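Encoded as structure tokens, the structure appears first; notes follow it.
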Amino acid sequence: MDLRVLRYFLTVVREESISGAAEALHLTQPTLSRQLKDLEEEFGAQLFIRGNRSQKISLTEKGMLLRRRAEELIELADKTQEEMLLQDTEIGGDLNIGGGESAGMRLIARAASDLKKSYPNIRFHLFSGNAEDVKERLERGLLDFGVFIGPSSLETYHTLRRPETDSWGLLVREDSPFAQNDSIKPDMLEGIPLIVSRQERAVRSLGEWIGIAPEKLNIVATYNLLFNASLLVESGLGYALCLGGIINTSNTSLRFVPLDLSDVLHLSLAWKKYQTLSKPAEVFLKRMRELCEKADR
């Protein structure tokens, strides 16, 4: 599998036509068509649905799978090449950090801001996703660090426990009967329309906490990004179970009410064991340790 041909493939996907891709790549159309045909023969699968000249091409199911994998391979290849070309005395390049939406990301932002002053050639890339998404990208080498909230299986990673904590609560409309509460007790959640994270673990934990099976919860919607969930709350669809501090409820019709839990959720920064960190990753980890130590004093 040739990375050059994968780049050709992704250009065709972006341009939605072979002729447009050939022009962008400065290739003749027959040359590009032959490369794509060879790629299909290599995988033994049709990748494109080709229409007539006036129609844009589309991807088959196998083509969509290859698109996802090709994007990951090209991203990793470019990252590796950049790191290899850096001089030993240089500290620069890409630093990739993944995590869920959490106010705890503020310490990440502070460390990034501090490093940028000393190492202007470091570029920071944040990936937002749930724990499963972040772990998958860590394993594939697409992330240098992952931020995890609360209990998570991190035995195969080095971890740095963060000083911040998070807490669960409900995002509600200010005209909701819950809006005047200082906290939400378990029995208040039974039967109400809930908007929850699409993470299965979050749903299961909620069910265990209020003492009913997850499948008996009145879940009316799930979300990946809390901002979108907040729009559903504003519309009156239901109440969003979420972490505090993510949505700024000042001057809005929303309010965050914490759950009545004794446990708090600790945050951890994780990176793969037996992995040599890049120079940007090394200085970032050093700064994070300094900030955590300062916060613990």
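By order of appearance in the structure tokens: chains A, B, ..., then residues from 1 within every chain, and ligands from 1 in the order shown.
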Nearby residues (only C-alpha atoms) at most 6 Å from segment 126-128 of chain A, same-chain spacing under 2 positions excluded, as a PyMOL selection string = chain A and resi 97-100
Could the residues in this selection be written to a file with C-alpha atoms, as a PDB file, in the first residue's frame?
ATOM      1  CA  ILE A  97      -4.097  15.863  23.007  1.00  0.00           C
ATOM      2  CA  GLY A  98      -7.489  14.178  23.308  1.00  0.00           C
ATOM      3  CA  GLY A  99     -10.186  14.334  25.932  1.00  0.00           C
ATOM      4  CA  GLY A 100     -13.850  14.782  26.656  1.00  0.00           C
TER       5      GLY A 100
END
Give me every strand (DSSP E) residue in segment 115-287 of chain A, going by DSSP on the backbone, as a PyMOL selection string.
-> chain A and resi 122-128+145-149+157-166+168-173+194-197+219-223+239-243+254-258+265-272
Extract, using only C-alpha atoms, all DNA, RNA and protein residues at most 12 Å from Ala295 of chain A, discarding same-chain residues fewer than 2 positions from it, and format them as a PyMOL selection string.
-> chain A and resi 107+161-164+288-293+297
Could you name the residues that touch Ile219 of chain A at 7 Å or less, counting only C-alpha atoms, but leaving out those on the same chain fewer than 2 positions away, as a VMD selection string?
-> chain A and resid 193 to 195 217 221
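Interatomic distance, atom CA of Pro186 of chain A against atom CA of Ser167 of chain A: 14.8 Å.
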For segment 106-214 of chain A against segment 64-83 of chain A, with a cut-off of 10 Å and counting only C-alpha atoms, what is the closest atom pair and its distance in Å to one decimal for every residue that makes the cut, ordered by chain and number, as a Markdown table?
| residue | atom | partner | partner_atom | distance |
| --- | --- | --- | --- | --- |
| A:Arg137 | CA | A:Glu72 | CA | 9.2 |
| A:Arg140 | CA | A:Glu72 | CA | 8.6 |
| A:Gly141 | CA | A:Leu76 | CA | 7.1 |
| A:Leu142 | CA | A:Leu76 | CA | 6.2 |
| A:Leu143 | CA | A:Leu76 | CA | 9.5 |
Next, write the just-selected residues to a file, as a CSV table (one decimal), in the first residue's frame, keeping C-alpha atoms as the atom set.
chain,number,residue,atom,x,y,z
A,137,ARG,CA,-6.4,7.2,19.0
A,140,ARG,CA,-2.8,4.1,17.1
A,141,GLY,CA,-0.3,6.8,17.8
A,142,LEU,CA,-2.5,9.6,16.7
A,143,LEU,CA,-2.5,11.3,20.1
Those of segment 19-184 of chain A in DSSP alpha helix (DSSP H), formatted as a VMD selection string = chain A and resid 19 to 25 29 to 43 61 to 85 105 to 118 131 to 139
Skip segment 17-24 of chain A itself and residues of its chain fewer than 4 positions away, then list as a VMD selection string all residues within 6 Å of it, counting only C-alpha atoms.
-> chain A and resid 11 to 12 28 to 29 56 to 57
Name the residues in contact with Gly236 of chain A at a cut-off of 12 Å, using only C-alpha atoms, excluding same-chain residues fewer than 3 positions from it; report them as a ChimeraX atom specification.
-> /A:171-176,192-195,220,229-233,239-240,253-254
Could you turn the residues from that selection into a file that holds all heavy atoms, as a short mmCIF file (atom, residue, chain, number, x, y, z; two decimals), in the first residue's frame?
data_model
loop_
_atom_site.label_atom_id
_atom_site.label_comp_id
_atom_site.auth_asym_id
_atom_site.auth_seq_id
_atom_site.Cartn_x
_atom_site.Cartn_y
_atom_site.Cartn_z
N LEU A 171 -28.19 19.84 33.50
CA LEU A 171 -28.37 21.12 32.85
C LEU A 171 -29.87 21.28 32.62
O LEU A 171 -30.49 20.47 31.92
CB LEU A 171 -27.60 21.16 31.53
CG LEU A 171 -27.44 22.53 30.87
CD1 LEU A 171 -26.61 23.45 31.76
CD2 LEU A 171 -26.78 22.37 29.51
N VAL A 172 -30.45 22.31 33.24
CA VAL A 172 -31.91 22.48 33.21
C VAL A 172 -32.26 23.90 32.78
O VAL A 172 -31.42 24.81 32.84
CB VAL A 172 -32.53 22.19 34.60
CG1 VAL A 172 -32.10 20.83 35.11
CG2 VAL A 172 -32.13 23.27 35.61
N ARG A 173 -33.48 24.08 32.35
CA ARG A 173 -33.98 25.43 32.07
C ARG A 173 -34.29 26.13 33.38
O ARG A 173 -34.66 25.50 34.37
CB ARG A 173 -35.23 25.36 31.20
CG ARG A 173 -34.90 25.00 29.78
CD ARG A 173 -36.04 24.98 28.80
NE ARG A 173 -37.32 25.51 29.20
CZ ARG A 173 -38.31 25.75 28.35
NH1 ARG A 173 -38.14 25.50 27.06
NH2 ARG A 173 -39.46 26.21 28.76
N GLU A 174 -34.14 27.44 33.37
CA GLU A 174 -34.36 28.20 34.61
C GLU A 174 -35.82 28.18 35.05
O GLU A 174 -36.12 28.44 36.21
CB GLU A 174 -33.88 29.63 34.45
CG GLU A 174 -34.60 30.43 33.39
CD GLU A 174 -34.06 31.84 33.27
OE1 GLU A 174 -33.04 32.16 33.91
OE2 GLU A 174 -34.66 32.62 32.52
N ASP A 175 -36.74 27.84 34.15
CA ASP A 175 -38.13 27.72 34.55
C ASP A 175 -38.50 26.29 34.95
O ASP A 175 -39.66 25.98 35.21
CB ASP A 175 -39.07 28.20 33.42
CG ASP A 175 -38.90 27.39 32.13
OD1 ASP A 175 -38.03 26.49 32.08
OD2 ASP A 175 -39.64 27.66 31.16
N SER A 176 -37.48 25.41 35.03
CA SER A 176 -37.70 24.04 35.46
C SER A 176 -37.91 23.99 36.97
O SER A 176 -37.34 24.80 37.72
CB SER A 176 -36.50 23.17 35.09
OG SER A 176 -36.45 21.99 35.86
N ILE A 192 -38.07 11.20 34.53
CA ILE A 192 -37.94 12.46 33.82
C ILE A 192 -37.19 12.25 32.50
O ILE A 192 -36.37 11.33 32.39
CB ILE A 192 -37.23 13.54 34.67
CG1 ILE A 192 -35.75 13.18 34.87
CG2 ILE A 192 -37.94 13.72 35.99
CD1 ILE A 192 -34.96 14.31 35.52
N PRO A 193 -37.44 13.06 31.47
CA PRO A 193 -36.75 12.90 30.19
C PRO A 193 -35.28 13.33 30.30
O PRO A 193 -34.98 14.47 30.66
CB PRO A 193 -37.53 13.83 29.25
CG PRO A 193 -38.15 14.85 30.15
CD PRO A 193 -38.44 14.15 31.44
N LEU A 194 -34.38 12.39 30.03
CA LEU A 194 -32.96 12.64 30.19
C LEU A 194 -32.25 12.68 28.84
O LEU A 194 -32.54 11.90 27.93
CB LEU A 194 -32.32 11.55 31.05
CG LEU A 194 -32.77 11.49 32.51
CD1 LEU A 194 -32.17 10.27 33.19
CD2 LEU A 194 -32.35 12.76 33.25
N ILE A 195 -31.29 13.58 28.75
CA ILE A 195 -30.39 13.68 27.60
C ILE A 195 -29.01 13.33 28.13
O ILE A 195 -28.48 14.03 29.00
CB ILE A 195 -30.41 15.09 27.00
CG1 ILE A 195 -31.84 15.48 26.60
CG2 ILE A 195 -29.47 15.19 25.81
CD1 ILE A 195 -32.01 16.97 26.31
N VAL A 220 -34.31 10.29 26.32
CA VAL A 220 -34.98 10.78 25.12
C VAL A 220 -33.98 11.18 24.03
O VAL A 220 -34.37 11.33 22.87
CB VAL A 220 -35.89 11.98 25.44
CG1 VAL A 220 -37.01 11.55 26.38
CG2 VAL A 220 -35.09 13.14 26.05
N ALA A 229 -26.34 19.45 23.06
CA ALA A 229 -27.32 18.98 24.05
C ALA A 229 -27.99 20.16 24.75
O ALA A 229 -29.18 20.10 25.08
CB ALA A 229 -26.63 18.09 25.08
N SER A 230 -27.24 21.24 24.98
CA SER A 230 -27.83 22.41 25.65
C SER A 230 -28.95 23.02 24.82
O SER A 230 -29.90 23.58 25.36
CB SER A 230 -26.75 23.45 25.96
OG SER A 230 -26.31 24.12 24.78
N LEU A 231 -28.84 22.91 23.50
CA LEU A 231 -29.91 23.42 22.64
C LEU A 231 -31.17 22.59 22.81
O LEU A 231 -32.29 23.12 22.76
CB LEU A 231 -29.46 23.41 21.17
CG LEU A 231 -28.23 24.25 20.83
CD1 LEU A 231 -27.91 24.14 19.34
CD2 LEU A 231 -28.42 25.71 21.23
N LEU A 232 -30.99 21.28 23.00
CA LEU A 232 -32.15 20.42 23.24
C LEU A 232 -32.81 20.76 24.57
O LEU A 232 -34.03 20.74 24.70
CB LEU A 232 -31.73 18.95 23.22
CG LEU A 232 -31.17 18.42 21.90
CD1 LEU A 232 -30.80 16.95 22.04
CD2 LEU A 232 -32.17 18.61 20.77
N VAL A 233 -31.97 21.08 25.58
CA VAL A 233 -32.52 21.48 26.88
C VAL A 233 -33.30 22.78 26.73
O VAL A 233 -34.42 22.91 27.23
CB VAL A 233 -31.39 21.64 27.92
CG1 VAL A 233 -31.96 22.15 29.24
CG2 VAL A 233 -30.67 20.32 28.15
N TYR A 239 -33.68 17.04 30.19
CA TYR A 239 -32.61 17.54 31.06
C TYR A 239 -31.31 16.82 30.70
O TYR A 239 -31.30 15.60 30.57
CB TYR A 239 -32.95 17.26 32.53
CG TYR A 239 -34.30 17.79 32.95
CD1 TYR A 239 -35.42 16.95 32.93
CD2 TYR A 239 -34.46 19.11 33.34
CE1 TYR A 239 -36.67 17.43 33.32
CE2 TYR A 239 -35.71 19.60 33.73
CZ TYR A 239 -36.81 18.75 33.71
OH TYR A 239 -38.03 19.23 34.09
N ALA A 240 -30.22 17.56 30.55
CA ALA A 240 -28.95 16.98 30.13
C ALA A 240 -28.10 16.60 31.34
O ALA A 240 -27.77 17.45 32.17
CB ALA A 240 -28.18 17.94 29.24
N SER A 253 -30.76 31.06 29.69
CA SER A 253 -31.97 30.52 30.31
C SER A 253 -31.71 29.16 30.94
O SER A 253 -32.64 28.45 31.30
CB SER A 253 -33.08 30.39 29.26
OG SER A 253 -32.69 29.49 28.24
N LEU A 254 -30.43 28.80 31.11
CA LEU A 254 -30.06 27.48 31.63
C LEU A 254 -29.40 27.61 33.00
O LEU A 254 -28.83 28.64 33.35
CB LEU A 254 -29.11 26.79 30.67
CG LEU A 254 -29.62 26.52 29.25
CD1 LEU A 254 -28.54 25.88 28.41
CD2 LEU A 254 -30.87 25.66 29.29
#
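Non-sequential neighbours of segment 267-277 of chain A (distance at most 6 Å, separation of 2 or more positions within a chain, only C-alpha atoms) are A:Phe145, A:Gly146, A:Val147, A:Phe148, A:Ile149, A:Tyr157, A:His158, A:Thr159, A:Leu160, A:Arg161, A:Arg162, A:Ala281, A:Glu282.
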What does the distance from atom CA of Arg110 of chain A to atom CA of Pro280 of chain A come to in Å, to one decimal?
-> 15.2 Å
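Atom CA of Ser33 of chain A is positioned 16.5 Å from atom CA of Met1 of chain A.
Minimum atom-to-atom distances from A:Ile246, A:Ala103, A:Met84, A:Leu115 to Val283 of chain A were compared using only C-alpha atoms, and the lowest value belongs to A:Leu115.
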Among listed residues A:Leu237, A:Val13, A:Cys242, A:Ala213, nearest Glu190 of chain A (using only C-alpha atoms) = A:Ala213
Could you tell me which of A:Glu234, A:Glu101, A:Glu42, A:Asp260 comes closest to Ser183 of chain A if we count only C-alpha atoms?
-> A:Asp260
